[in-house]
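Okay, so here's the structure we're looking at.
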Amino acid sequence: MDKVVELVRHDVIAVVTINNPPVNALSAAARRGILESLNVAIAAPEVRAIVLTCGGRTFVAGADITEFGKPPQSPGLNELLAAVENSPKPIVAAIHGNALGGGLELALVCHFRVAVEDAKFGFPEVKLGILPGAGGTQRLPRAVGPELAVKMIAGGEPISAAEALKGGLIDEIVQGPASGAEAFARKVLAEKRPLRKLRDDDSKLASARADRSIFTNAVAAMTKKSRGLQAPFAAAHAVSYAIDLPFDEGLKREGDDCMKLLVGDQSKAQRYAFFAERTAQKIPDVPAEIPLRPVKKVGILGAGTMGGGIAMNFASAGIPVTIVEIKQEALDRGLQVIKSNYDRTAARGKLTPEQVDQRMGLLTGSLDMNDFRSCDLVIEAVFERMDVKKGVFEKLDIICKPGAILATNTSALNIDDIASVTKRPQDVIGLHFFSPANIMKLLEVIRAEHTAKDVIATSMKLAKQIGKVPVLAGVCPGFIGNRMLSKRERQANEMVLEGAMLSEVDRALYDFGFPMGPFQMNDLAGLDIGWVKEESRSSTLIELLCEVGRFGQKTGAGYYDYDDKRSPKPSPVTEKLIDELIGKSGKKKRQISNDEVLERCIYSMINEGAKILEEGKAIRASDIDVVWVNGYGWPVYRGGPMYYADQIGLANVLAKIKEFHVSLGDDFKPAALLEKLVAHGKKFADFEQSPR
Ligand code: 3HC
Ligand code: NAI
């Protein structure tokens, strides 16, 4: 027997335990091991029931994604699942951690399922660009009804054990997974319960056969959220097979649809993004086993837009936070905004009032920085001015305990300069959250010149703990994301001054897959960020707009005019300002094609990404992709800008950049690294280094 699966017998109960760390994925060895153990248990006359359980931190979290796209190995997942389902002896799945994807499919072929209270159940396949391919779309609707099934399968989000019990996905919530399942198995034997095979149970499908609205509603609900993605729509469609077709036919159609998606470009890109996110955690010169600094209490300086959102992340993760402001008024306002945010979440049913109270109870407001004394990490989120930041760090250096991590949320200032005013630059790091900080997934972790390795490792780990996706970057203007964004913005603006309409530029990027184009995005963020009235020289479009009080959505007018539903309309005022600027430049307006808009916006970013890599400000190209997918709405089914460039072919990208260099000047000076990679026939994916 394979050692990834263990079989023991407790009198009449055989316990099959999968031990395939880290997440008990159903690799070929695991599939083989389970099948062999089952065969032994089924053949043993003294065994009357079987418990299927997992060691380690979770039940099976899915098929082994690393096997996708490789030659299939025997036994296949369907073969294993059929053997479980057809076992003449009852099999009880004992679930802890996550039962996801192929793991949930495995649980669904068991005759009974029990789980511990904090277990989660889901089909995240759509996030990998596929759909459950081993019966999930056919058995889940039979277990919980098509309405919840379509929501889980097309949405990809897991449900809790309580929801699973209510929906009929599990039979019981137990204390310990294996012991609970064993007790349950004895009950099944004592009560002589029949083996329940979901494939044969159509009782929950009847109402959906009469009323198709669950599908139309489900598809309508996801249309906006899943724009451009193929898998969620295919997944919803596959659930309808359960209703319309006999089980075996539905199973076959599901498998075929899954296979089509698996070999498609979207799934390849989405699987790349999955692994890229995990690879970003790995820092070549920071050992994985480095001891971390304990972070049990956090301090936040500044309760403004960012400070409040940052504080929420920690409170939501159960970590106490002390928030310090300069004025009582600002502190009260900041805490009130946090409370309103939590209340809104509670109103949507996602938090109970008790949870809101518990989170608010973890927040302590103060006007005295000395209250940071006991904090293990302090994050500064005060005004973006070097003199203010330096003053604050001098004080933190005096107040904070030895070993405390001192972080800044600066978006543009030099962190080495900030660190230089302390006697402990090794403890200083950048933690660049994105707005709204309680929602946006991305966290750029900025390694300054002297930042200690354990400070980096602790920050990366902590980021995950508070639900963020961290990426390590080096100190440079704009770090990774904003540095590349500024190049895109510049091209977008230039094209408008050459004759493109704002809406043409925005539409091109929206159709590419971004949630909105650059001008709409700026209207949302506020055009006055960084604008100083006294210094405004009417020389750029943004200055002209700010000078006439058009600050974006918040003033009802920016690049576009906005109605009370916040939908953008072309603005004659903006068009006049653009015409004036074009007039002053003496240029003639010209038609700009959709392709040119895309190439100039995206290739300028790719070229800058290459410069970021060559300067060592990012470890690897995939880290840049993680930044763009999680922080800027790059469509995940296109992997990220660097992956996209690799798909187009770096030689093609470079040729176009060279063309633009000739026609548009040094904005398109090709990155040396891009030229080098092309000369060696390599891809961005081939490049990796240590960042500085
Ligand atoms: N296959 C292969 N490797 C996997 C894996 C999988 N299904 N799931 C996770 N891993 C690997 C990760 O790549 C990572 O490897 P690394 O340490 O070398 O970087 C390691 O396991 C740990 O993963 P995480 O860092 O993500 O661990 P967390 O504890 O944060 O999260 C998890 C655990 C929630 C299970 C998360 O890993 C996850 O969401 N995994 C993917 C689940 C999934 O998508 N399942 C469906 C797979 S497709 C399928 O089953 C098809 C079927 O329908 C036929
Ligand atoms: P904000 O103006 O909303 O909040 C700053 C807060 O800091 C104010 O409430 C102010 O009273 C307080 N403050 C100022 N000096 C202080 C001091 N010495 N002690 C205690 N409190 C003090 O500013 P915002 O937008 O929250 O920005 C904060 C930092 O985050 C800046 O460095 C900014 O560049 C950065 N940032 C901002 C983003 C954004 O989208 N707003 C995104 C990412 C980073």
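All residue names refer to the structure tokens as shown: chains lettered A, B, ... in order, residues numbered from 1 in each chain, ligands numbered from 1 in order.
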
Could you list the protein, DNA and RNA residues that have any atom within 7 Å of ligand 2, counting only C-alpha atoms and all ligand atoms, and write them as a ChimeraX atom specification?
/A:301-307,324-327,330,381-384,388,392,409-412,432-435

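Around Phe514 (chain A), within 7 Å and counting only C-alpha atoms, the residues found are Leu509, Tyr510, Gly633, Trp634 and Pro635 of chain A, once anything fewer than 4 positions away on its own chain is removed.
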
Could you write out that same residue set with N, CA and C atoms as a compact mmCIF listing (two decimals), in the first residue's frame?
```
# COMPACT_ATOMS: atom_id res chain seq x y z
N LEU A 509 -9.91 49.82 -22.88
CA LEU A 509 -9.37 49.09 -21.72
C LEU A 509 -10.46 48.30 -21.01
N TYR A 510 -11.67 48.84 -21.03
CA TYR A 510 -12.80 48.11 -20.44
C TYR A 510 -13.04 46.82 -21.24
N GLY A 633 -7.14 45.47 -11.13
CA GLY A 633 -8.22 44.94 -11.96
C GLY A 633 -7.78 44.38 -13.30
N TRP A 634 -6.50 44.03 -13.44
CA TRP A 634 -6.09 43.34 -14.68
C TRP A 634 -6.91 42.06 -14.78
N PRO A 635 -7.52 41.77 -15.94
CA PRO A 635 -8.37 40.56 -16.01
C PRO A 635 -7.55 39.29 -15.76
```

Please extract the residues of region 3-135 of chain A with a backbone DSSP assignment of strand (DSSP E) and present them as number ranges by chain.
A: 5-10, 13-18, 49-54, 91-95, 98-100, 112-116, 120-122

Can you list, as a PyMOL selection string, every protein, DNA or RNA residue that comes within 10 Å of Ile612 (chain A) when you count only C-alpha atoms, leaving out same-chain residues fewer than 3 positions away?
chain A and resi 473-474+476+479-480+483-484+606-609+615-621+624+671+673+691

Distance limit 8 Å, reference ligand 1, atoms considered: only C-alpha atoms and all ligand atoms. Which residues make the cut? Give them as a PyMOL selection string.
chain A and resi 21-23+25-27+58+61-67+77+98+100-103+105+123-125+127-128+130-136+274-275+278-279+281-282+464

Can you pull out the residues contacting region 284-293 of chain A? Cut-off 12 Å, using only C-alpha atoms, and skip same-chain residues under 3 positions away; I want them as a PyMOL selection string.
chain A and resi 279-281+296-297+375-377+402-405+427+447+451-462+472+618-620+688-692

Could you tell me, as a PyMOL selection string, which residues of region 60-249 of chain A DSSP assigns to helix (DSSP H, G or I) when given the backbone?
chain A and resi 65-67+77-85+102-109+124-128+136-144+146-155+161-167+177-191+198-200+203-210+213-223+231-244+247-249

Selected residues written out with C-alpha atoms, as a short mmCIF file (atom, residue, chain, number, x, y, z; two decimals), in the first residue's frame:
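And here is the file that came out, again.cif:
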```
data_model
loop_
_atom_site.label_atom_id
_atom_site.label_comp_id
_atom_site.auth_asym_id
_atom_site.auth_seq_id
_atom_site.Cartn_x
_atom_site.Cartn_y
_atom_site.Cartn_z
CA ILE A 65 -3.49 21.10 -10.01
CA THR A 66 0.14 20.41 -10.86
CA GLU A 67 -1.03 17.32 -12.79
CA LEU A 77 -10.42 10.46 -10.41
CA ASN A 78 -13.66 9.14 -11.92
CA GLU A 79 -12.54 5.57 -11.42
CA LEU A 80 -11.79 6.26 -7.77
CA LEU A 81 -15.08 8.08 -7.21
CA ALA A 82 -17.08 5.27 -8.81
CA ALA A 83 -15.36 2.75 -6.51
CA VAL A 84 -16.27 4.81 -3.44
CA GLU A 85 -19.87 5.33 -4.52
CA GLY A 102 -12.17 17.14 -6.25
CA GLY A 103 -12.15 16.88 -2.44
CA LEU A 104 -15.81 17.82 -2.26
CA GLU A 105 -16.49 15.49 -5.18
CA LEU A 106 -14.87 12.73 -3.14
CA ALA A 107 -17.04 13.60 -0.15
CA LEU A 108 -20.16 13.63 -2.35
CA VAL A 109 -19.64 10.04 -3.47
CA PRO A 124 -13.38 26.89 -6.46
CA GLU A 125 -12.76 25.43 -9.94
CA VAL A 126 -14.15 28.51 -11.71
CA LYS A 127 -11.24 30.44 -10.21
CA LEU A 128 -8.93 28.14 -12.13
CA GLY A 136 -19.63 17.91 -8.76
CA THR A 137 -22.10 19.72 -10.98
CA GLN A 138 -24.34 16.65 -11.04
CA ARG A 139 -24.20 15.49 -7.42
CA LEU A 140 -24.21 18.84 -5.59
CA PRO A 141 -27.64 19.86 -6.97
CA ARG A 142 -28.92 16.47 -5.84
CA ALA A 143 -27.51 17.07 -2.36
CA VAL A 144 -28.49 20.70 -1.76
CA PRO A 146 -29.95 23.43 -7.78
CA GLU A 147 -30.27 26.95 -6.37
CA LEU A 148 -27.50 26.69 -3.78
CA ALA A 149 -25.54 24.41 -6.12
CA VAL A 150 -25.45 26.91 -8.96
CA LYS A 151 -24.45 29.65 -6.51
CA MET A 152 -21.58 27.59 -5.11
CA ILE A 153 -20.35 26.18 -8.42
CA ALA A 154 -20.61 29.31 -10.57
CA GLY A 155 -19.56 31.64 -7.75
CA ALA A 161 -20.44 23.72 8.02
CA ALA A 162 -23.61 25.33 9.41
CA GLU A 163 -24.75 26.23 5.88
CA ALA A 164 -23.76 22.79 4.64
CA LEU A 165 -25.85 21.14 7.34
CA LYS A 166 -28.83 23.38 6.61
CA GLY A 167 -28.56 22.74 2.87
CA PRO A 177 -13.58 14.55 12.41
CA ALA A 178 -12.42 10.93 12.58
CA SER A 179 -13.92 10.08 15.99
CA GLY A 180 -17.18 11.80 15.06
CA ALA A 181 -17.33 9.92 11.78
CA GLU A 182 -16.64 6.64 13.54
CA ALA A 183 -19.47 7.25 15.97
CA PHE A 184 -21.70 8.20 13.05
CA ALA A 185 -20.75 5.02 11.19
CA ARG A 186 -21.73 2.91 14.20
CA LYS A 187 -25.08 4.69 14.25
CA VAL A 188 -25.56 3.93 10.53
CA LEU A 189 -24.85 0.26 11.23
CA ALA A 190 -27.08 0.12 14.30
CA GLU A 191 -29.97 1.77 12.48
CA LEU A 198 -26.63 10.96 -4.57
CA ARG A 199 -26.55 9.95 -8.22
CA ASP A 200 -29.79 8.05 -7.72
CA SER A 203 -35.81 14.39 -5.04
CA LYS A 204 -34.34 17.91 -4.85
CA LEU A 205 -34.47 18.51 -8.60
CA ALA A 206 -38.23 18.42 -9.10
CA SER A 207 -39.04 22.08 -8.47
CA ALA A 208 -36.24 23.30 -10.75
CA ARG A 209 -37.56 21.10 -13.54
CA ALA A 210 -40.77 23.11 -13.38
CA SER A 213 -35.75 30.94 -13.11
CA ILE A 214 -32.92 29.85 -10.79
CA PHE A 215 -30.65 29.68 -13.82
CA THR A 216 -31.70 32.92 -15.40
CA ASN A 217 -31.38 34.60 -11.99
CA ALA A 218 -28.01 33.02 -11.26
CA VAL A 219 -26.61 33.99 -14.66
CA ALA A 220 -27.98 37.53 -14.29
CA ALA A 221 -26.40 37.81 -10.84
CA MET A 222 -22.95 36.90 -12.07
CA THR A 223 -22.99 38.64 -15.44
CA ALA A 231 -15.94 29.23 -16.61
CA PRO A 232 -18.73 30.64 -14.39
CA PHE A 233 -21.21 30.59 -17.27
CA ALA A 234 -20.15 27.11 -18.35
CA ALA A 235 -20.46 26.01 -14.72
CA ALA A 236 -24.04 27.29 -14.42
CA HIS A 237 -24.85 25.56 -17.68
CA ALA A 238 -23.40 22.28 -16.42
CA VAL A 239 -25.67 22.38 -13.37
CA SER A 240 -28.62 22.51 -15.74
CA TYR A 241 -27.55 19.09 -17.11
CA ALA A 242 -28.43 17.67 -13.70
CA ILE A 243 -31.97 18.84 -14.24
CA ASP A 244 -32.38 18.03 -17.90
CA PHE A 247 -27.13 11.29 -14.45
CA ASP A 248 -24.60 9.47 -16.64
CA GLU A 249 -25.20 11.75 -19.59
#
```

Find, counting only C-alpha atoms, the residue in A:Pro246, A:Pro425, A:Gly69, A:Gly97 that gets nearest to Asn24 (chain A).
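Closest residue, counting only C-alpha atoms: A:Gly97.
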
Would you tabulate, counting only C-alpha atoms, all residues of region 565-625 of chain A that have an atom at most 9 Å from an atom of region 540-554 of chain A, showing the closest pair of atoms and their distance in Å to one decimal, sorted by chain then ascending number, as JSON lines?
```
{"residue": "A:Arg566", "atom": "CA", "partner": "A:Gln553", "partner_atom": "CA", "distance": 7.0}
{"residue": "A:Pro568", "atom": "CA", "partner": "A:Gln553", "partner_atom": "CA", "distance": 8.8}
{"residue": "A:Val573", "atom": "CA", "partner": "A:Leu545", "partner_atom": "CA", "distance": 8.9}
{"residue": "A:Thr574", "atom": "CA", "partner": "A:Leu545", "partner_atom": "CA", "distance": 7.3}
{"residue": "A:Leu577", "atom": "CA", "partner": "A:Leu541", "partner_atom": "CA", "distance": 7.1}
{"residue": "A:Ile578", "atom": "CA", "partner": "A:Leu541", "partner_atom": "CA", "distance": 6.7}
{"residue": "A:Leu581", "atom": "CA", "partner": "A:Leu541", "partner_atom": "CA", "distance": 7.6}
```

Selection file, all heavy atoms, as a short mmCIF file (atom, residue, chain, number, x, y, z; two decimals), in the first residue's frame:
```
data_model
loop_
_atom_site.label_atom_id
_atom_site.label_comp_id
_atom_site.auth_asym_id
_atom_site.auth_seq_id
_atom_site.Cartn_x
_atom_site.Cartn_y
_atom_site.Cartn_z
N ARG A 566 -24.31 58.12 -10.72
CA ARG A 566 -22.86 58.07 -10.94
C ARG A 566 -22.47 57.45 -12.27
O ARG A 566 -21.40 56.85 -12.42
CB ARG A 566 -22.16 57.29 -9.81
CG ARG A 566 -22.38 57.95 -8.48
CD ARG A 566 -21.48 57.40 -7.43
NE ARG A 566 -21.42 58.37 -6.31
CZ ARG A 566 -20.38 58.57 -5.56
NH1 ARG A 566 -19.28 57.89 -5.76
NH2 ARG A 566 -20.40 59.45 -4.58
N PRO A 568 -21.23 57.91 -16.05
CA PRO A 568 -20.48 58.97 -16.73
C PRO A 568 -21.11 59.39 -18.06
O PRO A 568 -21.61 58.55 -18.80
CB PRO A 568 -19.13 58.31 -16.98
CG PRO A 568 -19.38 56.84 -16.97
CD PRO A 568 -20.61 56.59 -16.18
N VAL A 573 -17.58 70.65 -21.23
CA VAL A 573 -16.53 71.46 -20.58
C VAL A 573 -15.17 70.81 -20.79
O VAL A 573 -14.20 71.44 -21.21
CB VAL A 573 -16.82 71.60 -19.06
CG1 VAL A 573 -15.73 72.41 -18.38
CG2 VAL A 573 -18.18 72.20 -18.83
N THR A 574 -15.11 69.51 -20.51
CA THR A 574 -13.83 68.80 -20.67
C THR A 574 -13.39 68.83 -22.13
O THR A 574 -12.21 69.06 -22.42
CB THR A 574 -13.96 67.33 -20.19
OG1 THR A 574 -14.52 67.33 -18.89
CG2 THR A 574 -12.63 66.62 -20.18
N LEU A 577 -11.83 72.06 -22.93
CA LEU A 577 -10.48 72.18 -22.34
C LEU A 577 -9.46 71.37 -23.16
O LEU A 577 -8.34 71.82 -23.39
CB LEU A 577 -10.49 71.70 -20.89
CG LEU A 577 -11.30 72.56 -19.90
CD1 LEU A 577 -11.36 71.90 -18.53
CD2 LEU A 577 -10.70 73.96 -19.78
N ILE A 578 -9.88 70.19 -23.61
CA ILE A 578 -8.97 69.36 -24.42
C ILE A 578 -8.65 70.09 -25.73
O ILE A 578 -7.48 70.18 -26.14
CB ILE A 578 -9.61 67.97 -24.72
CG1 ILE A 578 -9.75 67.16 -23.43
CG2 ILE A 578 -8.77 67.20 -25.73
CD1 ILE A 578 -10.55 65.87 -23.57
N LEU A 581 -6.15 72.76 -25.23
CA LEU A 581 -4.77 72.23 -25.07
C LEU A 581 -4.19 71.79 -26.41
O LEU A 581 -3.03 72.05 -26.71
CB LEU A 581 -4.77 71.05 -24.11
CG LEU A 581 -4.75 71.36 -22.62
CD1 LEU A 581 -4.86 70.07 -21.82
CD2 LEU A 581 -3.45 72.08 -22.22
#
```

Quick check, in Å to one decimal: how far apart do CA of Ala672 (chain A) and CA of Val653 (chain A) lie?
13.4 Å

Can you work out the spacing between CA of Gly122 (chain A) and CA of Ser160 (chain A) in Å, to one decimal?
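Separating CA of Gly122 (chain A) from CA of Ser160 (chain A) is a distance of 9.0 Å.
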
Would you kindly return, as an MDAnalysis selection string, each protein, DNA or RNA residue with an atom no farther than 12 Å from any atom of Met386 (chain A), considering only C-alpha atoms and excluding same-chain residues fewer than 6 positions away?
chainID A and resid 392:393 408 410:421

Can you write just those residues out, C-alpha atoms, as a PDB file, in the first residue's frame?
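The resulting file, selection-v2.pdb, is shown below:
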```pdb
ATOM      1  CA  VAL A 392       6.707  60.617  13.272  1.00  0.00           C
ATOM      2  CA  PHE A 393       9.444  58.006  12.804  1.00  0.00           C
ATOM      3  CA  THR A 408       4.972  53.168   6.593  1.00  0.00           C
ATOM      4  CA  THR A 410       3.624  55.857   2.044  1.00  0.00           C
ATOM      5  CA  SER A 411       2.645  55.616  -1.596  1.00  0.00           C
ATOM      6  CA  ALA A 412       5.531  57.586  -3.054  1.00  0.00           C
ATOM      7  CA  LEU A 413       8.115  58.729  -0.492  1.00  0.00           C
ATOM      8  CA  ASN A 414      11.554  57.162  -0.209  1.00  0.00           C
ATOM      9  CA  ILE A 415      11.434  54.639   2.635  1.00  0.00           C
ATOM     10  CA  ASP A 416      15.219  54.614   3.019  1.00  0.00           C
ATOM     11  CA  ASP A 417      15.004  58.327   3.844  1.00  0.00           C
ATOM     12  CA  ILE A 418      12.230  57.671   6.340  1.00  0.00           C
ATOM     13  CA  ALA A 419      14.206  54.816   7.935  1.00  0.00           C
ATOM     14  CA  SER A 420      17.334  56.975   8.159  1.00  0.00           C
ATOM     15  CA  VAL A 421      15.913  59.076  11.004  1.00  0.00           C
TER      16      VAL A 421
END
```

Can you tell me which residues surround Asp511 (chain A) at a distance of at most 12 Å, considering only C-alpha atoms, apart from same-chain residues fewer than 5 positions away, and format the answer as a list in words?
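Residues meeting the cut-off are Arg227, Gly228, Ser503, Glu504, Val505, Asp506, Met516, Gly517, Asn594, Asp595, Val597, Leu598, Trp634 and Pro635 of chain A.
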
Excluding Asp667 (chain A) and residues on its chain fewer than 4 positions from it, collect all residues at most 9 Å away from it, counting only C-alpha atoms, and give them as a ChimeraX atom specification.
/A:487,490-491,604,660-661

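With only C-alpha atoms as the atoms that count, the minimum distance from Val337 (chain A) to the choices A:Ile319, A:Gln591, A:Asn438, A:Val298 is reached by A:Asn438.
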
Taking only C-alpha atoms into account, produce a table as a Markdown table in which each residue of region 393-466 of chain A with an atom at most 12 Å from an atom of region 338-359 of chain A appears once, together with its shortest atom pair and the distance in Å to one decimal, ordered by chain and rising number.
```
| residue | atom | partner | partner_atom | distance |
| --- | --- | --- | --- | --- |
| A:Pro436 | CA | A:Asn341 | CA | 10.9 |
| A:Ala437 | CA | A:Ile338 | CA | 11.4 |
| A:Asn438 | CA | A:Asn341 | CA | 9.3 |
| A:Ile439 | CA | A:Asn341 | CA | 10.7 |
```

For the selection just defined, write its residues with N, CA and C atoms to a file, as a PDB file, in the first residue's frame.
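So the final result, stored in again25.pdb, reads:
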```
ATOM      1  N   PRO A 436      -9.968  50.932  -1.229  1.00  0.00           N
ATOM      2  CA  PRO A 436     -10.227  50.903   0.210  1.00  0.00           C
ATOM      3  C   PRO A 436      -9.452  49.757   0.886  1.00  0.00           C
ATOM      4  N   ALA A 437      -8.682  50.137   1.920  1.00  0.00           N
ATOM      5  CA  ALA A 437      -7.701  49.200   2.492  1.00  0.00           C
ATOM      6  C   ALA A 437      -8.332  47.987   3.161  1.00  0.00           C
ATOM      7  N   ASN A 438      -9.607  48.099   3.542  1.00  0.00           N
ATOM      8  CA  ASN A 438     -10.246  46.927   4.163  1.00  0.00           C
ATOM      9  C   ASN A 438     -10.744  45.953   3.109  1.00  0.00           C
ATOM     10  N   ILE A 439     -10.721  46.371   1.848  1.00  0.00           N
ATOM     11  CA  ILE A 439     -11.277  45.513   0.791  1.00  0.00           C
ATOM     12  C   ILE A 439     -10.221  45.038  -0.198  1.00  0.00           C
TER      13      ILE A 439
END
```

Looking at only C-alpha atoms, which of A:Ile95, A:Gly145, A:Ile379, A:Tyr559 is the one that sits closest to Phe121 (chain A)?
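Among the listed residues, A:Ile95 lies closest to Phe121 (chain A).
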